Amino acid sequence: MKEFRRRTQLYVPGNSPSMIQHCMVFGSDGVLLDLEDSVSIYQKDAARELVAQALQFFDFGNVEVVVRINGLDTPYCIKDLERIIPLKPDAIRLPKTSSKDDIMKYENIISKIEKQNGLEVGSTKIVPMLETAVAIENAYEIAASSARIIAITIGGEDLTADMKVKRTKEGKELYWARAKVALAASAAKVASLDTVFSDVNDDEGLRSDTMTIKELGFDGKACINPRQIQIVHEVYTPSENEISAAKEIILAARKNEGGVVSLNGKMIDYPVVKRAETTLQRAGIDPNSI
Amino acid sequence: MDFIRCETGSLESSDCLVTVEPSNNFSIDIKSTVDRQFYNSILTDIKKTLEKWCKDNNINNPLIKITIDDRGALTFAIKARVYTALNRSANIV
């Protein structure tokens, strides 16, 4: 399986040829070809076929390609899965998953389609979206429910609607839910991906929101406009000083063969080394290469 | 199989509007902003897609007229729009 950085995932409406054909050039780590909310119910068939053709036509290079399908509670879900799974996108994003039972339902459907198409059972990776209060309460149970899961993500708009609260730029109403999702993802050893920041004209708001989710432990964030990508990357990209310090830590630990060591008066032990490795990975540097 | 008049796509840049309708004779009508360079390529995309659709649905020689109003769509979009328009026209959902 390919390894991807997941700082940014750019949403692309699935029924727009012009947006699909350009989506891989904006520099996001991933693209989300959307068959769900950005597509009207009258165009679900057209979007499904357009995304299917795009998956066969384009070389997306190092960009992670994820297709967001319609949920199990719609008449489009199975058709989406039947059309998209054989084309082997990097993952499928599953909206409104609220429990382990939901994942099991998807497991059965996806396994059946894999068998019908001669694909290895389990090869289709999934990203459940947690968009209800119940889903947040079940976050770890969902994250750990299937070997197919590579990440979990929080859907801020639907969640705040479910909680009957207003979505604000400061995001206080999402703090607990975000923290729980990030923690659950870490516990289940999968990536955690944050919801979108809706105001594309508020760069500083986006920067602040991204700093918050980075501190909470998220691996990245969905974007709704290419303009948002650079800002999220800037927040997630370590500074030169942070990179130098991380390299020093790893070299010092390596000299001491993994034991506790002191560097510039500070104790360097396993968690510190682990954080230094994460810093280098976020900078796109393989810790083993230094 | 019965066909009805149906459209798919749009007249936005990089898209195309495809219409499939019943006809006494089979025909393809192409109008494109780039037809001087790409007429043959568009025609090939339509024919290949129709061939696949006929095979997928076990249909021979459909009596239809396919009209495309193209605004610079790439092959993937032309194929998708033609396939969906055929499905809609034949009421395959």
# chains A, B, ... in the order shown; residues from 1 in each chain; ligands from 1
call {"tool": "residues_around", "arguments": {"residues": "Lys65 of chain B", "least_positions_apart": "3", "cutoff": "8 Å", "atoms": "only C-alpha atoms", "output": "PyMOL selection string"}}
result
chain B and resi 19-23+25-29
call {"tool": "residues_around", "arguments": {"residues": "segment 240-252 of chain A", "least_positions_apart": "2", "cutoff": "12 Å", "atoms": "only C-alpha atoms", "output": "PyMOL selection string"}}
result
chain A and resi 236-238+254-264+266-290
call {"tool": "interface_residues", "arguments": {"of": "chain A", "to": "chain B", "cutoff": "12 Å", "atoms": "only C-alpha atoms", "output": "JSON list (two decimals) with N, CA, C and O atoms, in the first residue's frame"}}
result
[["chain", "number", "residue", "atom", "x", "y", "z"],
["A", 14, "GLY", "N", -18.11, 15.99, -7.81],
["A", 14, "GLY", "CA", -17.99, 14.85, -8.74],
["A", 14, "GLY", "C", -18.67, 15.03, -10.07],
["A", 14, "GLY", "O", -18.47, 14.22, -10.97],
["A", 15, "ASN", "N", -19.46, 16.11, -10.22],
["A", 15, "ASN", "CA", -20.12, 16.29, -11.52],
["A", 15, "ASN", "C", -19.53, 17.45, -12.30],
["A", 15, "ASN", "O", -20.17, 17.97, -13.21],
["A", 16, "SER", "N", -18.31, 17.85, -11.95],
["A", 16, "SER", "CA", -17.69, 18.99, -12.63],
["A", 16, "SER", "C", -16.42, 18.55, -13.35],
["A", 16, "SER", "O", -15.36, 18.40, -12.74],
["A", 17, "PRO", "N", -16.49, 18.36, -14.69],
["A", 17, "PRO", "CA", -15.29, 17.93, -15.42],
["A", 17, "PRO", "C", -14.13, 18.91, -15.24],
["A", 17, "PRO", "O", -12.98, 18.48, -15.07],
["A", 18, "SER", "N", -14.42, 20.22, -15.27],
["A", 18, "SER", "CA", -13.31, 21.18, -15.21],
["A", 18, "SER", "C", -12.60, 21.11, -13.86],
["A", 18, "SER", "O", -11.37, 21.18, -13.80],
["A", 19, "MET", "N", -13.34, 20.94, -12.79],
["A", 19, "MET", "CA", -12.69, 20.86, -11.48],
["A", 19, "MET", "C", -11.95, 19.53, -11.33],
["A", 19, "MET", "O", -10.87, 19.48, -10.74],
["A", 20, "ILE", "N", -12.52, 18.46, -11.84],
["A", 20, "ILE", "CA", -11.85, 17.17, -11.73],
["A", 20, "ILE", "C", -10.53, 17.17, -12.51],
["A", 20, "ILE", "O", -9.51, 16.72, -12.02],
["A", 21, "GLN", "N", -10.57, 17.73, -13.72],
["A", 21, "GLN", "CA", -9.37, 17.62, -14.54],
["A", 21, "GLN", "C", -8.21, 18.49, -14.05],
["A", 21, "GLN", "O", -7.07, 18.27, -14.44],
["A", 22, "HIS", "N", -8.52, 19.45, -13.17],
["A", 22, "HIS", "CA", -7.45, 20.29, -12.63],
["A", 22, "HIS", "C", -7.07, 19.96, -11.20],
["A", 22, "HIS", "O", -6.11, 20.51, -10.67],
["A", 42, "TYR", "N", -30.46, 14.82, -8.77],
["A", 42, "TYR", "CA", -30.78, 14.58, -10.19],
["A", 42, "TYR", "C", -29.53, 14.26, -11.01],
["A", 42, "TYR", "O", -29.64, 13.90, -12.18],
["A", 43, "GLN", "N", -28.36, 14.44, -10.42],
["A", 43, "GLN", "CA", -27.13, 14.22, -11.17],
["A", 43, "GLN", "C", -26.26, 13.12, -10.56],
["A", 43, "GLN", "O", -25.08, 13.00, -10.90],
["A", 44, "LYS", "N", -26.81, 12.32, -9.66],
["A", 44, "LYS", "CA", -26.01, 11.29, -9.00],
["A", 44, "LYS", "C", -25.45, 10.29, -10.01],
["A", 44, "LYS", "O", -24.30, 9.86, -9.91],
["A", 45, "ASP", "N", -26.28, 9.91, -10.99],
["A", 45, "ASP", "CA", -25.82, 8.94, -12.00],
["A", 45, "ASP", "C", -24.71, 9.54, -12.86],
["A", 45, "ASP", "O", -23.71, 8.87, -13.16],
["A", 46, "ALA", "N", -24.88, 10.82, -13.24],
["A", 46, "ALA", "CA", -23.89, 11.47, -14.09],
["A", 46, "ALA", "C", -22.55, 11.64, -13.36],
["A", 46, "ALA", "O", -21.48, 11.40, -13.93],
["A", 47, "ALA", "N", -22.62, 12.03, -12.09],
["A", 47, "ALA", "CA", -21.39, 12.22, -11.31],
["A", 47, "ALA", "C", -20.66, 10.90, -11.10],
["A", 47, "ALA", "O", -19.43, 10.81, -11.21],
["A", 48, "ARG", "N", -21.43, 9.86, -10.81],
["A", 48, "ARG", "CA", -20.82, 8.53, -10.60],
["A", 48, "ARG", "C", -20.03, 8.10, -11.83],
["A", 48, "ARG", "O", -18.89, 7.64, -11.74],
["A", 49, "GLU", "N", -20.61, 8.28, -13.01],
["A", 49, "GLU", "CA", -19.95, 7.86, -14.24],
["A", 49, "GLU", "C", -18.75, 8.77, -14.56],
["A", 49, "GLU", "O", -17.71, 8.30, -15.01],
["A", 50, "LEU", "N", -18.91, 10.07, -14.26],
["A", 50, "LEU", "CA", -17.81, 11.00, -14.53],
["A", 50, "LEU", "C", -16.59, 10.68, -13.65],
["A", 50, "LEU", "O", -15.45, 10.64, -14.13],
["A", 51, "VAL", "N", -16.85, 10.42, -12.38],
["A", 51, "VAL", "CA", -15.74, 10.08, -11.48],
["A", 51, "VAL", "C", -15.13, 8.73, -11.89],
["A", 51, "VAL", "O", -13.90, 8.57, -11.89],
["A", 52, "ALA", "N", -15.97, 7.80, -12.29],
["A", 52, "ALA", "CA", -15.47, 6.49, -12.74],
["A", 52, "ALA", "C", -14.55, 6.65, -13.95],
["A", 52, "ALA", "O", -13.46, 6.06, -14.01],
["A", 53, "GLN", "N", -14.97, 7.47, -14.90],
["A", 53, "GLN", "CA", -14.13, 7.69, -16.09],
["A", 53, "GLN", "C", -12.85, 8.43, -15.73],
["A", 53, "GLN", "O", -11.78, 8.13, -16.26],
["A", 54, "ALA", "N", -12.96, 9.38, -14.81],
["A", 54, "ALA", "CA", -11.78, 10.14, -14.39],
["A", 54, "ALA", "C", -10.74, 9.23, -13.74],
["A", 54, "ALA", "O", -9.53, 9.36, -13.96],
["A", 55, "LEU", "N", -11.21, 8.28, -12.94],
["A", 55, "LEU", "CA", -10.28, 7.36, -12.27],
["A", 55, "LEU", "C", -9.50, 6.52, -13.28],
["A", 55, "LEU", "O", -8.37, 6.12, -13.04],
["A", 56, "GLN", "N", -10.12, 6.28, -14.43],
["A", 56, "GLN", "CA", -9.45, 5.47, -15.46],
["A", 56, "GLN", "C", -8.58, 6.32, -16.38],
["A", 56, "GLN", "O", -7.69, 5.82, -17.05],
["A", 57, "PHE", "N", -8.87, 7.61, -16.42],
["A", 57, "PHE", "CA", -8.24, 8.49, -17.43],
["A", 57, "PHE", "C", -7.00, 9.20, -16.91],
["A", 57, "PHE", "O", -6.01, 9.35, -17.64],
["A", 58, "PHE", "N", -7.03, 9.65, -15.66],
["A", 58, "PHE", "CA", -5.96, 10.52, -15.17],
["A", 58, "PHE", "C", -4.90, 9.75, -14.38],
["A", 58, "PHE", "O", -5.20, 8.78, -13.69],
["A", 75, "PRO", "N", -30.46, 5.63, -1.88],
["A", 75, "PRO", "CA", -30.52, 4.59, -2.92],
["A", 75, "PRO", "C", -29.28, 4.57, -3.82],
["A", 75, "PRO", "O", -29.21, 3.76, -4.75],
["A", 76, "TYR", "N", -28.33, 5.46, -3.56],
["A", 76, "TYR", "CA", -27.15, 5.57, -4.45],
["A", 76, "TYR", "C", -25.93, 4.81, -3.94],
["A", 76, "TYR", "O", -25.00, 4.55, -4.68],
["A", 79, "LYS", "N", -24.83, 1.44, -5.65],
["A", 79, "LYS", "CA", -24.42, 1.72, -7.04],
["A", 79, "LYS", "C", -23.06, 2.42, -7.07],
["A", 79, "LYS", "O", -22.22, 2.12, -7.92]]
call {"tool": "select_by_dssp", "arguments": {"residues": "chain B", "states": "helix (DSSP H, G or I)", "output": "PyMOL selection string"}}
result
chain B and resi 35-56+75-89
call {"tool": "write_last_selection", "arguments": {"atoms": "C-alpha atoms", "output": "PDB file, in the first residue's frame"}}
result
ATOM      1  CA  ASP B  35     -14.055  20.523 -33.856  1.00  0.00           C
ATOM      2  CA  ARG B  36     -11.376  21.629 -36.327  1.00  0.00           C
ATOM      3  CA  GLN B  37      -8.728  19.887 -34.221  1.00  0.00           C
ATOM      4  CA  PHE B  38     -10.736  17.208 -32.436  1.00  0.00           C
ATOM      5  CA  TYR B  39     -13.770  16.204 -34.526  1.00  0.00           C
ATOM      6  CA  ASN B  40     -12.404  12.729 -35.246  1.00  0.00           C
ATOM      7  CA  SER B  41     -11.339  12.197 -31.647  1.00  0.00           C
ATOM      8  CA  ILE B  42     -14.805  13.156 -30.358  1.00  0.00           C
ATOM      9  CA  LEU B  43     -16.454  10.881 -32.918  1.00  0.00           C
ATOM     10  CA  THR B  44     -14.218   7.987 -31.850  1.00  0.00           C
ATOM     11  CA  ASP B  45     -15.007   8.597 -28.153  1.00  0.00           C
ATOM     12  CA  ILE B  46     -18.741   8.547 -28.878  1.00  0.00           C
ATOM     13  CA  LYS B  47     -18.565   5.411 -31.027  1.00  0.00           C
ATOM     14  CA  LYS B  48     -16.424   3.509 -28.514  1.00  0.00           C
ATOM     15  CA  THR B  49     -18.709   4.475 -25.644  1.00  0.00           C
ATOM     16  CA  LEU B  50     -21.810   3.469 -27.585  1.00  0.00           C
ATOM     17  CA  GLU B  51     -20.189   0.143 -28.466  1.00  0.00           C
ATOM     18  CA  LYS B  52     -19.404  -0.539 -24.801  1.00  0.00           C
ATOM     19  CA  TRP B  53     -22.870   0.533 -23.683  1.00  0.00           C
ATOM     20  CA  CYS B  54     -24.515  -1.764 -26.280  1.00  0.00           C
ATOM     21  CA  LYS B  55     -22.309  -4.653 -25.109  1.00  0.00           C
ATOM     22  CA  ASP B  56     -22.993  -3.977 -21.405  1.00  0.00           C
ATOM     23  CA  THR B  75     -12.196  12.155 -23.389  1.00  0.00           C
ATOM     24  CA  PHE B  76     -13.165  11.114 -19.843  1.00  0.00           C
ATOM     25  CA  ALA B  77     -15.990  13.655 -19.752  1.00  0.00           C
ATOM     26  CA  ILE B  78     -17.273  12.833 -23.240  1.00  0.00           C
ATOM     27  CA  LYS B  79     -17.355   9.116 -22.451  1.00  0.00           C
ATOM     28  CA  ALA B  80     -19.097   9.697 -19.113  1.00  0.00           C
ATOM     29  CA  ARG B  81     -21.711  12.044 -20.547  1.00  0.00           C
ATOM     30  CA  VAL B  82     -22.497   9.771 -23.511  1.00  0.00           C
ATOM     31  CA  TYR B  83     -22.774   6.664 -21.304  1.00  0.00           C
ATOM     32  CA  THR B  84     -25.060   8.406 -18.802  1.00  0.00           C
ATOM     33  CA  ALA B  85     -27.224   9.922 -21.556  1.00  0.00           C
ATOM     34  CA  LEU B  86     -27.664   6.464 -23.093  1.00  0.00           C
ATOM     35  CA  ASN B  87     -28.621   5.029 -19.694  1.00  0.00           C
ATOM     36  CA  ARG B  88     -31.123   7.799 -19.101  1.00  0.00           C
ATOM     37  CA  SER B  89     -32.599   7.515 -22.587  1.00  0.00           C
TER      38      SER B  89
END
call {"tool": "select_by_dssp", "arguments": {"residues": "segment 14-187 of chain A", "states": "strand (DSSP E or B)", "output": "JSON, numbers by chain"}}
result
{"A": [30, 31, 32, 33, 34, 64, 65, 66, 67, 68, 91, 92, 93, 94, 126, 127, 128, 129, 130, 149, 151, 152, 153, 154]}
call {"tool": "closest_residue", "arguments": {"among": "A:Ala133, A:Thr124, A:Ser98, A:Asn70", "to": "Val165 of chain A", "atoms": "only C-alpha atoms"}}
result
A:Ala133
